[in-house]
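This report concerns only the one structure given below.
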Amino acid sequence: MAGFDRQVSLPNAKTRPVGRLGFLDALRGLAVLLVLFQHVGELTWSVVPEVSGNWLDIGQLGVMLFFCCSGFIIPVSLERTGRLDTFWISRFFRLYPLYWFSLAGAFVCSQLFDIPTAAVTTADWLANITMLQHFLGRPDAVGLYWSLAWEMAFYLLITVLFLLHAHRRPVLLSAAINTCLLAAVLLYWLFLPGKHFSVGLFNIALMFAGYAVHQWFVGKVATSVIVTTVGYTALTGVVILLTTTFSGGLTDQIGVPRSALPLGTAWLGALLIFTVVVASARSGLRFPAWLRRLGTISFSVYLMQSLVVAGIEVPAAPPWLVAVIWTTATLLISELTYRFLEVPAIKLGHRTVRSRPRTTSVSGVEPPTISSPPRKKPAEHFSSTG
């Protein structure tokens, strides 16, 4: 997914700078593992689409975890840089080169191998270049792309809030977003029953909940406050799903009719897992290196998996072998695209930022130092390599 900010300063009680947030990489690793399991599993084992369609949408759970991670770190990343040009240049080089590479791969697959894709016209493909095709009324060339548009929407919203100096109270912002969503779904229920209601709006609520959890993580918000904030977000999600279900208009993020239970368990599960992992990291718990590494390359894994599944045909093989081949190929190709495309693009973004003249920060002052509270247990080691 998007929101894969790789370098963030989080000094400890002595303001010692550290590198990567290992637990955030672990969360991303878990998230992309769930998404990969969904997309490989639904093509190899009938039990996977059955579970995802009736009980727990496994892929949705993974994407919701990505959204929580984005909310946790993206606003902090913007405030840390203090300048919009720096933030957006970094975001551009972090996201678009690999995204365009995967889009080109999807186009080639659709032309050479006759792989079906929702983008059938030239206008569809051009819209996909922007990453905002969801809001332009155009189909996603690859089904996974729907989440990227919501990431971009969050970036734009956070940018506006920073320009208005309205970003410093994330708990209040989270409450306001949830209240607006509840009001919107109530109006929908009263006046537009049976029509389509964009449940994707809950993605924004999840990201702001992640932003609020960050404030608790660094000791700026009391535990009781963050429990209330997360609980209010969960309540909003439940009300949205139940209201749209009883009104006959519940569809998933891409407009496919769905039932409330698998989406609800995915949404609430993501909030629970995210909060528990952040609390565990705050207490000093460390996470496996392999999971953190998977989180490091998670954007590549997210984008490459569809190309691997479309481009590698495994005839007359048992389902377990097909799953192993697709998973292994996805991880190997993702490691290559991370090393030879993502990393060079990120470095080019850094060089571009350094070459620009210094400008006034978003707030007009130097960005504040972000520090975490003293902890009873040793803080987790944040490795620079994930």
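In the structure tokens, chains take letters A, B, ... by order of appearance, with residues numbered from 1 within each chain and ligands from 1 in the order shown.
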
Please identify every residue of stretch 8-73 of chain A that has at least one atom no farther than 8 Å from an atom of stretch 144-151 of chain A, counting only C-alpha atoms, and for each give the shortest atom pair and the distance in Å to one decimal, arranged by chain then increasing number, as CSV.
```
residue,atom,partner,partner_atom,distance
A:Val63,CA,A:Ser147,CA,7.3
A:Phe67,CA,A:Glu151,CA,7.4
A:Ser70,CA,A:Glu151,CA,7.7
```

Find the spatial neighbours of stretch 345-347 of chain A, counting only C-alpha atoms, within a cut-off of 10 Å - ignore same-chain residues fewer than 3 positions away - and output them as an mmCIF file with N, CA and C atoms, in the first residue's frame.
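To be explicit, this is the file written out as out09.cif:
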```cif
data_model
loop_
_atom_site.group_PDB
_atom_site.id
_atom_site.type_symbol
_atom_site.label_atom_id
_atom_site.label_comp_id
_atom_site.auth_asym_id
_atom_site.auth_seq_id
_atom_site.Cartn_x
_atom_site.Cartn_y
_atom_site.Cartn_z
ATOM 1 N N ARG A 6 9.285 5.714 5.012
ATOM 2 C CA ARG A 6 10.359 4.854 5.489
ATOM 3 C C ARG A 6 11.247 5.482 6.561
ATOM 4 N N ILE A 89 7.111 16.228 -2.857
ATOM 5 C CA ILE A 89 8.177 15.662 -3.689
ATOM 6 C C ILE A 89 8.546 14.269 -3.184
ATOM 7 N N SER A 90 8.667 14.138 -1.879
ATOM 8 C CA SER A 90 8.994 12.832 -1.297
ATOM 9 C C SER A 90 7.903 11.815 -1.572
ATOM 10 N N ARG A 91 6.653 12.231 -1.426
ATOM 11 C CA ARG A 91 5.532 11.330 -1.696
ATOM 12 C C ARG A 91 5.506 10.907 -3.160
ATOM 13 N N PHE A 92 5.754 11.857 -4.049
ATOM 14 C CA PHE A 92 5.721 11.555 -5.479
ATOM 15 C C PHE A 92 6.745 10.483 -5.828
ATOM 16 N N PHE A 93 7.985 10.691 -5.405
ATOM 17 C CA PHE A 93 9.035 9.728 -5.749
ATOM 18 C C PHE A 93 8.878 8.421 -4.977
ATOM 19 N N ARG A 94 8.197 8.467 -3.844
ATOM 20 C CA ARG A 94 7.964 7.241 -3.077
ATOM 21 C C ARG A 94 6.901 6.363 -3.727
ATOM 22 N N LEU A 95 5.894 6.981 -4.355
ATOM 23 C CA LEU A 95 4.734 6.234 -4.826
ATOM 24 C C LEU A 95 4.680 6.027 -6.339
ATOM 25 N N TYR A 96 4.864 7.095 -7.097
ATOM 26 C CA TYR A 96 4.515 7.036 -8.510
ATOM 27 C C TYR A 96 5.448 6.199 -9.385
ATOM 28 N N PRO A 97 6.764 6.222 -9.213
ATOM 29 C CA PRO A 97 7.594 5.390 -10.107
ATOM 30 C C PRO A 97 7.207 3.918 -10.079
ATOM 31 N N LEU A 98 7.056 3.329 -8.889
ATOM 32 C CA LEU A 98 6.676 1.921 -8.806
ATOM 33 C C LEU A 98 5.241 1.723 -9.292
ATOM 34 N N TYR A 338 11.934 -3.435 -5.203
ATOM 35 C CA TYR A 338 12.266 -2.548 -4.078
ATOM 36 C C TYR A 338 13.699 -2.042 -4.198
ATOM 37 N N ARG A 339 14.629 -2.951 -4.457
ATOM 38 C CA ARG A 339 16.043 -2.569 -4.488
ATOM 39 C C ARG A 339 16.403 -1.719 -5.695
ATOM 40 N N PHE A 340 15.836 -2.054 -6.846
ATOM 41 C CA PHE A 340 16.290 -1.426 -8.086
ATOM 42 C C PHE A 340 15.325 -0.376 -8.645
ATOM 43 N N LEU A 341 14.169 -0.219 -8.021
ATOM 44 C CA LEU A 341 13.233 0.818 -8.467
ATOM 45 C C LEU A 341 12.794 1.712 -7.318
ATOM 46 N N GLU A 342 12.283 1.114 -6.255
ATOM 47 C CA GLU A 342 11.824 1.930 -5.128
ATOM 48 C C GLU A 342 12.956 2.732 -4.491
ATOM 49 N N HIS A 350 15.041 12.447 -2.544
ATOM 50 C CA HIS A 350 15.839 13.135 -1.526
ATOM 51 C C HIS A 350 16.788 14.154 -2.164
ATOM 52 N N ARG A 351 17.418 13.749 -3.277
ATOM 53 C CA ARG A 351 18.328 14.672 -3.958
ATOM 54 C C ARG A 351 17.568 15.866 -4.520
ATOM 55 N N THR A 352 16.365 15.619 -5.024
ATOM 56 C CA THR A 352 15.552 16.717 -5.542
ATOM 57 C C THR A 352 15.193 17.697 -4.438
ATOM 58 N N VAL A 353 14.859 17.178 -3.282
ATOM 59 C CA VAL A 353 14.524 18.042 -2.143
ATOM 60 C C VAL A 353 15.728 18.873 -1.726
#
```

Please identify all polymer residues within 6 Å of stretch 116-120 of chain A, counting only C-alpha atoms, omitting same-chain residues fewer than 4 positions from it, and present them as a list in words.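 Near stretch 116-120 of chain A, the qualifying residues are Asp124, Trp125, Pro139 and Ala141 of chain A.
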
For the selection you just gave me, I'd like the residues written to a file as a PDB file, in the first residue's frame, keeping N, CA and C atoms.
```pdb
ATOM      1  N   ASP A 124      -9.542   5.476 -19.826  1.00  0.00           N
ATOM      2  CA  ASP A 124      -9.395   4.720 -18.573  1.00  0.00           C
ATOM      3  C   ASP A 124      -7.927   4.597 -18.178  1.00  0.00           C
ATOM      4  N   TRP A 125      -7.083   4.222 -19.130  1.00  0.00           N
ATOM      5  CA  TRP A 125      -5.654   4.061 -18.833  1.00  0.00           C
ATOM      6  C   TRP A 125      -5.011   5.391 -18.453  1.00  0.00           C
ATOM      7  N   PRO A 139     -12.624   3.207 -14.042  1.00  0.00           N
ATOM      8  CA  PRO A 139     -12.297   1.953 -13.350  1.00  0.00           C
ATOM      9  C   PRO A 139     -10.799   1.830 -13.077  1.00  0.00           C
ATOM     10  N   ALA A 141      -7.410  -0.025 -13.327  1.00  0.00           N
ATOM     11  CA  ALA A 141      -6.821  -1.008 -14.247  1.00  0.00           C
ATOM     12  C   ALA A 141      -6.516  -2.310 -13.525  1.00  0.00           C
TER      13      ALA A 141
END
```

Contacts of A:Phe287 within 9 Å, only C-alpha atoms, excl. fewer than 4 positions in-chain, as an NGL selection string: :A and (22-23 or 26 or 281 or 291-292 or 380)

Please, what distance in Å, to one decimal, runs between atom CA of A:Leu156 and atom CA of A:Pro262?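 Computed distance, atom CA of A:Leu156 to atom CA of A:Pro262, equals 29.4 Å.
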
Find the residues near stretch 183-200 of chain A: any atom within 7 Å, counting only C-alpha atoms, skip ones fewer than 2 places away on the same chain, and give them as a PyMOL selection string. chain A and resi 179-181+202-203+240+243+247-249+252-253

Got a sec: who's within 8 Å of A:Leu271, counting only C-alpha atoms, leaving out chain neighbours fewer than 3 positions off, as a PyMOL selection string? chain A and resi 65+68+206+230+234+267-268+274-275

What's around A:Leu261 at 8 Å? Count only C-alpha atoms, leave out sequence neighbours fewer than 5 positions away in its own chain, and write the answer as an MDAnalysis selection string. chainID A and resid 54:56

From the DSSP assignment of the backbone, select every residue of stretch 137-221 of chain A that is alpha helix (DSSP H), and format the answer as a PyMOL selection string. chain A and resi 146-163+170-191+201-217

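What separates atom CA of A:Arg286 from atom CA of A:Gly71 is a distance of 21.6 Å.
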
May I ask for the distance between atom CA of A:Leu33 and atom CA of A:Gly62, given in Å to one decimal place?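 Atom CA of A:Gly62 lies at a distance of 7.5 Å from atom CA of A:Leu33.
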
Proximity of stretch 82-121 of chain A to stretch 158-172 of chain A: per-residue shortest pair, 10 Å limit, only C-alpha atoms, as CSV:
```
residue,atom,partner,partner_atom,distance
A:Gly82,CA,A:Phe162,CA,9.4
A:Arg83,CA,A:Phe162,CA,9.8
A:Leu84,CA,A:Thr159,CA,7.5
A:Phe87,CA,A:Thr159,CA,9.4
A:Trp88,CA,A:Thr159,CA,9.5
```
